[in-house]
>>> print(open('structure.cif').read())   # mmCIF, C-alpha atoms (C1' of nucleotides)
data_model
loop_
_atom_site.label_atom_id
_atom_site.label_comp_id
_atom_site.auth_asym_id
_atom_site.auth_seq_id
_atom_site.Cartn_x
_atom_site.Cartn_y
_atom_site.Cartn_z
CA MET G 1111 -29.31 17.85 -11.84
CA ASP G 1112 -28.44 21.37 -10.80
CA LYS G 1113 -24.74 22.17 -11.15
CA ASP G 1114 -24.35 23.42 -7.56
CA ILE G 1115 -26.08 20.38 -6.15
CA VAL G 1116 -23.83 18.08 -8.16
CA GLN G 1117 -20.80 19.97 -6.89
CA GLU G 1118 -21.95 19.64 -3.32
CA LEU G 1119 -22.61 15.91 -3.74
CA ILE G 1120 -19.17 15.37 -5.24
CA ASP G 1121 -17.47 17.14 -2.34
CA ARG G 1122 -19.50 15.23 0.22
CA TYR G 1123 -18.88 11.91 -1.48
CA VAL G 1124 -15.13 12.37 -1.89
CA SER G 1125 -14.81 13.47 1.71
CA VAL G 1126 -16.99 10.78 3.28
CA SER G 1127 -15.61 7.88 1.27
CA PHE G 1128 -12.10 8.85 2.33
CA GLN G 1129 -13.08 9.08 5.98
CA VAL G 1130 -15.04 5.84 6.07
CA HIS G 1131 -12.29 3.94 4.32
CA LYS G 1132 -9.55 5.14 6.66
CA LYS G 1133 -11.61 4.57 9.80
CA ALA G 1134 -12.85 1.15 8.67
CA GLU G 1135 -9.37 -0.08 7.80
CA TYR G 1136 -8.17 1.17 11.17
CA LEU G 1137 -10.90 -0.68 13.04
CA ILE G 1138 -10.38 -3.90 11.07
CA LYS G 1139 -6.68 -3.67 11.72
CA GLY G 1140 -7.44 -3.33 15.41
CA GLN G 1141 -9.27 -6.67 15.21
CA ILE G 1142 -6.87 -8.70 13.06
CA GLY G 1143 -3.66 -6.67 13.00
CA ASP G 1144 -1.67 -9.13 15.12
CA ASP G 1145 -2.28 -11.96 12.66
CA LEU G 1146 -2.69 -10.49 9.18
CA THR G 1147 -2.44 -7.25 7.25
CA ASN G 1148 -5.75 -6.06 5.84
CA ASP G 1149 -4.66 -6.98 2.32
CA GLN G 1150 -3.69 -10.47 3.42
CA HIS G 1151 -7.10 -10.84 5.03
CA TYR G 1152 -8.79 -9.83 1.78
CA ILE G 1153 -6.67 -12.37 -0.12
CA LEU G 1154 -7.58 -15.08 2.35
CA ARG G 1155 -11.25 -14.16 2.05
CA TYR G 1156 -11.14 -14.22 -1.73
CA ILE G 1157 -9.52 -17.64 -1.92
CA HIS G 1158 -11.76 -18.99 0.83
CA ASP G 1159 -14.91 -17.92 -1.05
CA LYS G 1160 -13.73 -19.25 -4.40
CA LYS G 1161 -12.15 -22.39 -2.85
CA GLU G 1162 -9.41 -22.13 -5.48
CA CYS G 1163 -8.15 -19.35 -7.71
CA THR G 1164 -5.22 -18.13 -9.80
CA SER G 1165 -2.82 -15.18 -9.53
CA THR G 1166 -4.30 -13.62 -12.63
CA GLU G 1167 -7.76 -13.72 -11.10
CA LEU G 1168 -6.50 -12.10 -7.89
CA ALA G 1169 -4.57 -9.45 -9.80
CA ASP G 1170 -7.79 -8.64 -11.62
CA ALA G 1171 -9.93 -8.48 -8.49
CA PHE G 1172 -7.38 -6.39 -6.60
CA GLU G 1173 -6.59 -4.10 -9.56
CA VAL G 1174 -2.84 -4.67 -9.29
CA ASN G 1175 -0.17 -6.32 -11.42
CA LYS G 1176 0.45 -10.01 -11.13
CA SER G 1177 3.87 -9.49 -9.59
CA ALA G 1178 2.25 -7.74 -6.62
CA ILE G 1179 0.17 -10.87 -6.08
CA THR G 1180 3.24 -13.09 -6.36
CA ALA G 1181 4.89 -11.10 -3.55
CA ILE G 1182 1.89 -11.38 -1.23
CA ILE G 1183 1.33 -15.07 -1.97
CA ASN G 1184 5.03 -15.78 -1.37
CA ARG G 1185 4.81 -14.36 2.13
CA MET G 1186 1.60 -16.20 2.91
CA ALA G 1187 2.88 -19.48 1.45
CA GLU G 1188 6.04 -19.19 3.57
CA ARG G 1189 3.80 -18.88 6.60
CA GLY G 1190 1.96 -22.01 5.51
CA LEU G 1191 -1.38 -20.29 4.91
CA ILE G 1192 -1.65 -20.84 1.15
CA GLN G 1193 -0.72 -23.71 -1.12
CA ARG G 1194 0.31 -23.64 -4.79
CA THR G 1195 -0.70 -26.48 -7.11
CA ARG G 1196 0.12 -26.67 -10.82
CA ASP G 1197 -2.64 -27.55 -13.26
CA ASP G 1198 -1.79 -30.83 -15.00
CA ASN G 1199 -3.71 -29.92 -18.16
CA ASP G 1200 -2.22 -26.44 -18.55
CA ARG G 1201 1.10 -26.38 -16.79
CA ARG G 1202 1.37 -22.59 -16.94
CA VAL G 1203 -1.47 -22.28 -14.43
CA VAL G 1204 -0.95 -22.37 -10.66
CA TYR G 1205 -3.97 -22.87 -8.42
CA LEU G 1206 -3.99 -21.20 -5.03
CA THR G 1207 -5.84 -22.81 -2.14
CA LEU G 1208 -5.92 -22.33 1.62
CA THR G 1209 -4.09 -24.81 3.81
CA ALA G 1210 -5.86 -26.10 6.92
CA GLU G 1211 -3.92 -23.50 8.87
CA GLY G 1212 -4.93 -20.77 6.43
CA ASN G 1213 -8.54 -21.78 6.77
CA THR G 1214 -8.42 -21.70 10.54
CA LEU G 1215 -6.77 -18.31 10.64
CA TYR G 1216 -9.28 -16.99 8.13
CA GLU G 1217 -12.23 -18.20 10.21
CA THR G 1218 -10.81 -16.60 13.34
CA CYS G 1219 -10.20 -13.25 11.68
CA GLN G 1220 -13.43 -13.31 9.72
CA GLU G 1221 -15.42 -13.86 12.91
CA LYS G 1222 -13.89 -10.74 14.43
CA VAL G 1223 -14.57 -8.68 11.32
CA GLN G 1224 -18.16 -9.95 11.16
CA LEU G 1225 -18.79 -8.90 14.74
CA LEU G 1226 -17.34 -5.50 14.03
CA VAL G 1227 -19.43 -4.95 10.89
CA GLU G 1228 -22.52 -6.33 12.61
CA SER G 1229 -22.14 -3.89 15.49
CA ILE G 1230 -22.14 -1.09 12.96
CA ILE G 1231 -24.83 -2.28 10.54
CA THR G 1232 -27.33 -2.94 13.28
CA GLN G 1233 -27.24 0.73 14.26
CA PHE G 1234 -29.24 1.49 11.13
CA ASP G 1235 -32.87 0.88 10.17
CA GLU G 1236 -33.15 -2.22 8.07
CA ALA G 1237 -34.76 -0.17 5.28
CA GLU G 1238 -32.05 2.47 5.34
CA ILE G 1239 -29.11 0.11 5.32
CA THR G 1240 -30.69 -2.10 2.66
CA ALA G 1241 -31.24 0.91 0.39
CA PHE G 1242 -27.70 2.06 1.09
CA ILE G 1243 -26.12 -1.25 0.15
CA THR G 1244 -28.32 -1.56 -2.93
CA THR G 1245 -27.13 1.83 -4.20
CA TYR G 1246 -23.57 0.89 -3.24
CA GLU G 1247 -23.89 -2.21 -5.44
CA LYS G 1248 -25.17 -0.09 -8.33
CA LEU G 1249 -22.12 2.12 -7.85
CA ALA G 1250 -19.86 -0.94 -8.02
CA GLN G 1251 -21.50 -1.91 -11.31
CA ILE G 1252 -21.04 1.58 -12.72
CA LEU G 1253 -17.35 1.44 -11.85
CA VAL G 1254 -17.01 -1.91 -13.58
CA ASN G 1255 -18.62 -0.42 -16.70
CA LYS G 1256 -16.47 2.68 -16.43
CA LYS G 1257 -13.33 0.60 -16.43
CA ALA G 1258 -14.50 -1.52 -19.37
CA GLU G 1259 -15.33 1.70 -21.23
CA GLU G 1260 -11.88 3.18 -20.55
CA LEU G 1261 -10.14 0.02 -21.68
CA GLY G 1262 -12.32 -0.15 -24.81
CA GLU G 1263 -11.33 3.32 -26.01
CA MET R 90 -33.38 -7.31 12.64
CA ASP R 91 -33.55 -10.93 11.59
CA LYS R 92 -30.27 -12.77 12.01
CA ASP R 93 -30.16 -14.10 8.44
CA ILE R 94 -30.89 -10.70 6.99
CA VAL R 95 -28.12 -9.14 9.06
CA GLN R 96 -25.74 -11.84 7.87
CA GLU R 97 -26.66 -11.20 4.26
CA LEU R 98 -26.22 -7.44 4.69
CA ILE R 99 -22.80 -7.94 6.27
CA ASP R 100 -21.64 -10.13 3.41
CA ARG R 101 -22.95 -7.72 0.81
CA TYR R 102 -21.43 -4.72 2.54
CA VAL R 103 -17.99 -6.28 3.03
CA SER R 104 -17.92 -7.41 -0.56
CA VAL R 105 -19.17 -4.22 -2.18
CA SER R 106 -17.06 -1.85 -0.12
CA PHE R 107 -13.95 -3.80 -1.11
CA GLN R 108 -14.89 -3.75 -4.78
CA VAL R 109 -15.79 -0.09 -4.91
CA HIS R 110 -12.66 0.95 -3.08
CA LYS R 111 -10.33 -1.03 -5.38
CA LYS R 112 -12.07 0.11 -8.55
CA ALA R 113 -12.28 3.74 -7.44
CA GLU R 114 -8.61 3.90 -6.49
CA TYR R 115 -7.75 2.35 -9.83
CA LEU R 116 -9.79 4.92 -11.76
CA ILE R 117 -8.39 7.84 -9.76
CA LYS R 118 -4.90 6.56 -10.35
CA GLY R 119 -5.67 6.44 -14.05
CA GLN R 120 -6.42 10.17 -13.86
CA ILE R 121 -3.59 11.42 -11.65
CA GLY R 122 -1.11 8.53 -11.54
CA ASP R 123 1.55 10.28 -13.61
CA ASP R 124 1.76 13.17 -11.15
CA LEU R 125 0.87 11.90 -7.69
CA THR R 126 0.09 8.75 -5.77
CA ASN R 127 -3.44 8.57 -4.43
CA ASP R 128 -2.20 9.13 -0.88
CA GLN R 129 -0.23 12.18 -1.94
CA HIS R 130 -3.34 13.54 -3.62
CA TYR R 131 -5.32 13.08 -0.40
CA ILE R 132 -2.59 14.86 1.55
CA LEU R 133 -2.61 17.74 -0.91
CA ARG R 134 -6.40 17.94 -0.70
CA TYR R 135 -6.34 17.95 3.08
CA ILE R 136 -3.80 20.76 3.33
CA HIS R 137 -5.49 22.71 0.53
CA ASP R 138 -8.84 22.61 2.33
CA LYS R 139 -7.39 23.54 5.72
CA LYS R 140 -4.93 26.07 4.22
CA GLU R 141 -2.44 25.01 6.91
CA CYS R 142 -2.09 21.99 9.16
CA THR R 143 0.32 19.95 11.30
CA SER R 144 1.73 16.44 11.03
CA THR R 145 -0.18 15.39 14.13
CA GLU R 146 -3.43 16.51 12.54
CA LEU R 147 -2.66 14.59 9.34
CA ALA R 148 -1.66 11.48 11.26
CA ASP R 149 -4.99 11.66 13.02
CA ALA R 150 -7.01 12.14 9.85
CA PHE R 151 -5.17 9.38 7.99
CA GLU R 152 -5.15 6.97 10.95
CA VAL R 153 -1.40 6.40 10.76
CA ASN R 154 1.60 7.19 12.95
CA LYS R 155 3.29 10.54 12.68
CA SER R 156 6.44 9.02 11.21
CA ALA R 157 4.43 7.82 8.21
CA ILE R 158 3.39 11.42 7.62
CA THR R 159 6.97 12.64 7.98
CA ALA R 160 8.01 10.26 5.19
CA ILE R 161 5.27 11.41 2.81
CA ILE R 162 5.82 15.09 3.57
CA ASN R 163 9.58 14.69 3.05
CA ARG R 164 9.01 13.40 -0.47
CA MET R 165 6.51 16.11 -1.31
CA ALA R 166 8.66 18.86 0.20
CA GLU R 167 11.64 17.66 -1.85
CA ARG R 168 9.46 18.01 -4.92
CA GLY R 169 8.60 21.57 -3.87
CA LEU R 170 4.90 20.89 -3.32
CA ILE R 171 4.73 21.49 0.42
CA GLN R 172 6.42 23.97 2.73
CA ARG R 173 7.31 23.60 6.42
CA THR R 174 7.14 26.62 8.75
CA ARG R 175 7.90 26.55 12.46
CA ASP R 176 5.48 28.19 14.87
CA ASP R 177 7.24 31.06 16.65
CA ASN R 178 5.12 30.76 19.79
CA ASP R 179 5.52 27.00 20.17
CA ARG R 180 8.69 25.96 18.43
CA ARG R 181 7.81 22.26 18.56
CA VAL R 182 5.04 22.81 16.03
CA VAL R 183 5.62 22.75 12.26
CA TYR R 184 2.93 24.13 9.97
CA LEU R 185 2.48 22.55 6.56
CA THR R 186 1.24 24.62 3.64
CA LEU R 187 1.09 24.19 -0.11
CA THR R 188 3.62 26.02 -2.26
CA ALA R 189 2.36 27.76 -5.40
CA GLU R 190 3.49 24.70 -7.32
CA GLY R 191 1.69 22.41 -4.92
CA ASN R 192 -1.46 24.42 -5.32
CA THR R 193 -1.31 24.31 -9.10
CA LEU R 194 -0.71 20.58 -9.18
CA TYR R 195 -3.55 20.05 -6.73
CA GLU R 196 -5.95 22.06 -8.87
CA THR R 197 -5.02 20.12 -11.99
CA CYS R 198 -5.47 16.75 -10.32
CA GLN R 199 -8.57 17.74 -8.43
CA GLU R 200 -10.23 18.85 -11.67
CA LYS R 201 -9.67 15.42 -13.18
CA VAL R 202 -10.98 13.64 -10.09
CA GLN R 203 -14.03 15.92 -10.01
CA LEU R 204 -14.87 15.08 -13.61
CA LEU R 205 -14.51 11.39 -12.87
CA VAL R 206 -16.72 11.50 -9.79
CA GLU R 207 -19.23 13.72 -11.58
CA SER R 208 -19.53 11.28 -14.48
CA ILE R 209 -20.41 8.59 -11.93
CA ILE R 210 -22.68 10.52 -9.58
CA THR R 211 -24.82 11.89 -12.38
CA GLN R 212 -25.79 8.36 -13.37
CA PHE R 213 -28.00 8.24 -10.27
CA ASP R 214 -31.30 9.89 -9.41
CA GLU R 215 -30.70 12.94 -7.31
CA ALA R 216 -32.91 11.47 -4.56
CA GLU R 217 -31.09 8.14 -4.56
CA ILE R 218 -27.57 9.54 -4.47
CA THR R 219 -28.51 12.12 -1.83
CA ALA R 220 -29.98 9.42 0.40
CA PHE R 221 -26.90 7.28 -0.21
CA ILE R 222 -24.45 9.98 0.77
CA THR R 223 -26.52 10.91 3.80
CA THR R 224 -26.40 7.34 5.08
CA TYR R 225 -22.70 7.19 4.23
CA GLU R 226 -22.15 10.24 6.41
CA LYS R 227 -24.07 8.60 9.27
CA LEU R 228 -21.79 5.60 8.85
CA ALA R 229 -18.74 7.85 9.07
CA GLN R 230 -20.09 9.28 12.33
CA ILE R 231 -20.72 5.81 13.74
CA LEU R 232 -17.12 4.86 12.96
CA VAL R 233 -15.84 7.96 14.71
CA ASN R 234 -17.89 7.03 17.77
CA LYS R 235 -16.75 3.43 17.55
CA LYS R 236 -13.14 4.50 17.62
CA ALA R 237 -13.70 6.87 20.54
CA GLU R 238 -15.48 4.04 22.37
CA GLU R 239 -12.61 1.61 21.77
CA LEU R 240 -10.04 4.12 22.94
CA GLY R 241 -12.15 4.90 26.00
CA GLU R 242 -12.26 1.30 27.19
"C1'" DG M 1340 4.50 -31.03 -37.33
"C1'" DG M 1341 7.06 -26.56 -36.58
"C1'" DT M 1342 7.20 -21.83 -35.55
"C1'" DG M 1343 5.77 -17.27 -33.86
"C1'" DA M 1344 2.59 -15.04 -30.82
"C1'" DA M 1345 0.00 -15.12 -26.69
"C1'" DT M 1346 -0.60 -16.47 -21.81
"C1'" DA M 1347 0.62 -17.62 -16.67
"C1'" DG M 1348 3.56 -16.80 -13.52
"C1'" DT M 1349 8.16 -15.36 -11.33
"C1'" DT M 1350 12.18 -12.48 -10.41
"C1'" DA M 1351 14.79 -8.36 -9.41
"C1'" DA M 1352 15.27 -3.56 -8.66
"C1'" DA M 1353 13.32 0.47 -7.15
"C1'" DC M 1354 10.11 3.02 -4.74
"C1'" DA M 1355 5.88 4.43 -1.51
"C1'" DG M 1356 3.87 3.77 2.71
"C1'" DT M 1357 3.81 1.74 7.26
"C1'" DT M 1358 5.27 0.56 12.27
"C1'" DT M 1359 8.26 0.57 16.20
"C1'" DA M 1360 11.64 2.41 19.03
"C1'" DA M 1361 14.81 5.72 20.02
"C1'" DC M 1362 15.87 10.32 19.63
"C1'" DT M 1363 15.83 15.96 19.70
"C1'" DA M 1364 13.75 19.93 21.02
"C1'" DT M 1365 10.48 22.45 23.31
"C1'" DA M 1366 6.72 23.45 26.65
"C1'" DT M 1367 4.20 22.79 31.05
"C1'" DG M 1368 3.32 22.47 35.79
"C1'" DA M 1369 4.07 20.96 40.61
"C1'" DT J 894 13.86 23.69 38.67
"C1'" DC J 895 13.09 19.28 37.28
"C1'" DA J 896 10.02 15.59 35.73
"C1'" DT J 897 6.76 14.84 32.37
"C1'" DA J 898 4.25 15.57 28.24
"C1'" DT J 899 4.09 17.02 23.43
"C1'" DA J 900 5.62 17.77 18.30
"C1'" DG J 901 8.22 16.06 15.17
"C1'" DT J 902 12.24 13.35 13.07
"C1'" DT J 903 15.27 9.39 12.21
"C1'" DA J 904 16.56 4.68 11.24
"C1'" DA J 905 15.57 -0.06 10.51
"C1'" DA J 906 12.54 -3.37 9.01
"C1'" DC J 907 8.70 -4.69 6.69
"C1'" DT J 908 4.45 -4.82 3.13
"C1'" DG J 909 2.72 -3.63 -1.09
"C1'" DT J 910 3.41 -1.72 -5.62
"C1'" DT J 911 5.27 -1.06 -10.63
"C1'" DT J 912 8.22 -1.95 -14.52
"C1'" DA J 913 10.95 -4.74 -17.27
"C1'" DA J 914 13.00 -8.85 -18.24
"C1'" DC J 915 12.63 -13.58 -17.87
"C1'" DT J 916 10.88 -18.94 -18.00
"C1'" DA J 917 7.70 -22.12 -19.27
"C1'" DT J 918 3.89 -23.44 -21.62
"C1'" DT J 919 0.00 -23.33 -24.96
"C1'" DC J 920 -2.18 -22.10 -29.24
"C1'" DA J 921 -2.94 -20.74 -34.06
"C1'" DC J 922 -1.98 -21.45 -38.46
"C1'" DC J 923 0.81 -22.32 -42.45
#
>>> encode(input="structure.cif", output="C-alpha cells")
Amino acid sequence: MDKDIVQELIDRYVSVSFQVHKKAEYLIKGQIGDDLTNDQHYILRYIHDKKECTSTELADAFEVNKSAITAIINRMAERGLIQRTRDDNDRRVVYLTLTAEGNTLYETCQEKVQLLVESIITQFDEAEITAFITTYEKLAQILVNKKAEELGE
Amino acid sequence: MDKDIVQELIDRYVSVSFQVHKKAEYLIKGQIGDDLTNDQHYILRYIHDKKECTSTELADAFEVNKSAITAIINRMAERGLIQRTRDDNDRRVVYLTLTAEGNTLYETCQEKVQLLVESIITQFDEAEITAFITTYEKLAQILVNKKAEELGE
DNA sequence: GGTGAATAGTTAAACAGTTTAACTATATGA
DNA sequence: TCATATAGTTAAACTGTTTAACTATTCACC
C-alpha cells in the first residue's frame, strides 16, 4: 500500500473509532444509565451468555487485573445481581452466576440496547453492514494475535 | 431485512465492538501507558489537532460533563503539558493549548500509536480496509444524528 | 507423604475519571 | 439595570483501575 494512503487510513480510523465509541457509550448509557453502568452491563452480559464464569476469565475478557473484577463483582453481589459459589473440587475457584434478579435486570437492559443497535444497523444495506462486521471480526482476530505475539516476545 | 439476520448482526456487532475496543485500549496502553492514560492521550490529540480549544468543546467531543474535563486538565496542567489562557474579549472563556512539553510528549506517544495501528491496518487489502472505514464513518454520522434526534424530542 | 512453586481470588491504598449540585464570574438582552 | 444564560470551577461521592501484599488451595516432584 502507498505510504500516504496508509497514513490517511490510520488518521481516519483513529478518529472514527474514537468518535463511534464515545457516542455509542453515551447512547447506551442513555438507555440503561439509571440501572447499571456500561461496564456492569457488559459483565452481566458476559455471565449471562456463559451461564457461569470465573473472575480470572472476566479479567481476561475485559483486559484488566483480577482485583478490578473483584471490585465490580462486590458491588453487583451487594445489589443481589450476582452470586458467588465455590467449586467443591478446586476450592480456590469461585463461580459467578446471575441471580434471578440479575437475570431480570439484564433482560430489561439488553432489550433496550438491542432496540438501539437495531435502529442503527437497519439504516445500512444488508450487504454493507455484513461486510463491515465481517471485517470488524477479522480485526478482532488480528488484535488477539497481536497480543499473543507481544506476550510471546 | 429478515428479522433473524438482523438479530444475528446485532449480536455479532455488540460482541465484536466490545472485544475490539478492549483489546485496542490494552494495546495502546502497552505503548503509552508509562507516560499517559489513554484518555489523556486523546485529550492531547484533540488539542494538538485543533491547536486551541475550550473545556466546553472537549466535554462535547468526549460526551462527558465539563467538570470531568476540568479534573483531567488540572492534572495535565500540573504536569506542565497543557496551558490555560483567558480570552480577553469574553473573560468567561479559557483557551487550552499544549505547552512545548505537551507537544513533545504527544508526538512521542502518537508515533507509537501510529506504528501500532499501521501494523494492523496493513494486514488488510486496501479495498477491504477502505470500505470498512467508510462504513465506520457512516456509522459515526448516524450516531451523531441519533443523538441530535434524542435531544430534539 | 512433604515441601516449594503455581494458581484463584481478595484486600487495601492510591489514583483517574465520572456525575451532581452548588458556586463564581462574566456576558446578554429586554 | 436586572434577570437570565453561559463558561468554567469546586467539592463530595462514586466507579473503575493498578500495584503489592495477602490467604487459601492445588500440583509437581523428590
>>> residues_near_point(input="structure.cif", point="(-11.1, -8.0, 9.3)", cutoff="6 Å", atoms="all atoms listed in the file", output="list in words")
Ile1138, Ile1142, Cys1219, Gln1220 and Val1223 of chain G
>>> write_last_selection(input="structure.cif", atoms="C-alpha atoms", output="short mmCIF file (atom, residue, chain, number, x, y, z; two decimals), in the frame of the given file")
data_model
loop_
_atom_site.label_atom_id
_atom_site.label_comp_id
_atom_site.auth_asym_id
_atom_site.auth_seq_id
_atom_site.Cartn_x
_atom_site.Cartn_y
_atom_site.Cartn_z
CA ILE G 1138 -10.38 -3.90 11.07
CA ILE G 1142 -6.87 -8.70 13.06
CA CYS G 1219 -10.20 -13.25 11.68
CA GLN G 1220 -13.43 -13.31 9.72
CA VAL G 1223 -14.57 -8.68 11.32
#
>>> resolve_selection(input="structure.cif", expression="the PyMOL selection byres ((chain M) within 10 of (chain R))", output="ChimeraX atom specification")
/M:1355-1359,1364-1366
>>> resolve_selection(input="structure.cif", expression="the PyMOL selection byres ((chain J) within 8 of (chain G))", output="list in words")
DG909, DT910, DT911, DA917, DT918 and DT919 of chain J
>>> residues_around(input="structure.cif", residues="DA1369 of chain M", least_positions_apart="2", cutoff="10 Å", atoms="all atoms listed in the file", output="PyMOL selection string")
(chain M and resi 1367) or (chain J and resi 895-896)
>>> resolve_selection(input="structure.cif", expression="the PyMOL selection byres ((chain R) within 7 of (chain G))", output="list in words")
Met90, Ile99, Tyr102, Val105, Gln108, Val109, Lys111, Lys112, Tyr115, Phe151, Glu152, Val206, Glu207, Glu215, Phe221, Ile222, Thr224, Tyr225, Glu226, Ala229 and Leu232 of chain R
>>> residues_near_point(input="structure.cif", point="(6.7, 26.6, 7.6)", cutoff="7 Å", atoms="only C-alpha atoms (C1' of nucleotides)", output="list in words")
Gln172, Arg173, Thr174, Arg175, Val183, Tyr184 and Leu185 of chain R
>>> write_last_selection(input="structure.cif", atoms="C-alpha atoms", output="short mmCIF file (atom, residue, chain, number, x, y, z; two decimals), keeping the file's coordinate frame")
data_model
loop_
_atom_site.label_atom_id
_atom_site.label_comp_id
_atom_site.auth_asym_id
_atom_site.auth_seq_id
_atom_site.Cartn_x
_atom_site.Cartn_y
_atom_site.Cartn_z
CA GLN R 172 6.42 23.97 2.73
CA ARG R 173 7.31 23.60 6.42
CA THR R 174 7.14 26.62 8.75
CA ARG R 175 7.90 26.55 12.46
CA VAL R 183 5.62 22.75 12.26
CA TYR R 184 2.93 24.13 9.97
CA LEU R 185 2.48 22.55 6.56
#
>>> atom_distance(input="structure.cif", atom1="atom C1' of DC923 of chain J", atom2="atom C1' of DT1342 of chain M")
9.4 Å
>>> atom_distance(input="structure.cif", atom1="atom CA of Ala189 of chain R", atom2="atom CA of His137 of chain R")
11.1 Å
>>> atom_distance(input="structure.cif", atom1="atom C1' of DA904 of chain J", atom2="atom C1' of DC1362 of chain M")
10.1 Å
>>> decode(input="structure.cif", residues="segment 1150-1163 of chain G", atoms="N, CA and C atoms", output="mmCIF file, in the first residue's frame")
data_model
loop_
_atom_site.group_PDB
_atom_site.id
_atom_site.type_symbol
_atom_site.label_atom_id
_atom_site.label_comp_id
_atom_site.auth_asym_id
_atom_site.auth_seq_id
_atom_site.Cartn_x
_atom_site.Cartn_y
_atom_site.Cartn_z
ATOM 1 N N GLN G 1150 -20.895 -2.578 34.039
ATOM 2 C CA GLN G 1150 -21.706 -3.569 34.748
ATOM 3 C C GLN G 1150 -22.616 -4.312 33.775
ATOM 4 N N HIS G 1151 -23.118 -3.584 32.779
ATOM 5 C CA HIS G 1151 -23.950 -4.236 31.775
ATOM 6 C C HIS G 1151 -23.140 -5.269 30.979
ATOM 7 N N TYR G 1152 -21.917 -4.926 30.638
ATOM 8 C CA TYR G 1152 -21.063 -5.865 29.911
ATOM 9 C C TYR G 1152 -20.783 -7.115 30.756
ATOM 10 N N ILE G 1153 -20.556 -6.895 32.052
ATOM 11 C CA ILE G 1153 -20.309 -8.024 32.953
ATOM 12 C C ILE G 1153 -21.542 -8.931 33.010
ATOM 13 N N LEU G 1154 -22.683 -8.301 33.165
ATOM 14 C CA LEU G 1154 -23.931 -9.067 33.215
ATOM 15 C C LEU G 1154 -24.112 -9.859 31.919
ATOM 16 N N ARG G 1155 -23.849 -9.230 30.800
ATOM 17 C CA ARG G 1155 -23.982 -9.896 29.508
ATOM 18 C C ARG G 1155 -23.036 -11.085 29.405
ATOM 19 N N TYR G 1156 -21.801 -10.869 29.832
ATOM 20 C CA TYR G 1156 -20.814 -11.952 29.740
ATOM 21 C C TYR G 1156 -21.252 -13.164 30.554
ATOM 22 N N ILE G 1157 -21.642 -12.910 31.799
ATOM 23 C CA ILE G 1157 -22.043 -14.034 32.659
ATOM 24 C C ILE G 1157 -23.323 -14.680 32.135
ATOM 25 N N HIS G 1158 -24.248 -13.844 31.676
ATOM 26 C CA HIS G 1158 -25.493 -14.382 31.125
ATOM 27 C C HIS G 1158 -25.206 -15.355 29.970
ATOM 28 N N ASP G 1159 -24.320 -14.936 29.065
ATOM 29 C CA ASP G 1159 -24.036 -15.760 27.878
ATOM 30 C C ASP G 1159 -23.327 -17.060 28.248
ATOM 31 N N LYS G 1160 -22.422 -16.974 29.218
ATOM 32 C CA LYS G 1160 -21.646 -18.154 29.605
ATOM 33 C C LYS G 1160 -22.376 -19.001 30.650
ATOM 34 N N LYS G 1161 -23.455 -18.461 31.207
ATOM 35 C CA LYS G 1161 -24.194 -19.090 32.319
ATOM 36 C C LYS G 1161 -23.420 -19.008 33.642
ATOM 37 N N GLU G 1162 -22.116 -19.227 33.555
ATOM 38 C CA GLU G 1162 -21.286 -19.309 34.769
ATOM 39 C C GLU G 1162 -19.861 -18.981 34.338
ATOM 40 N N CYS G 1163 -19.147 -18.215 35.148
ATOM 41 C CA CYS G 1163 -17.751 -17.958 34.792
ATOM 42 C C CYS G 1163 -16.947 -17.603 36.029
#
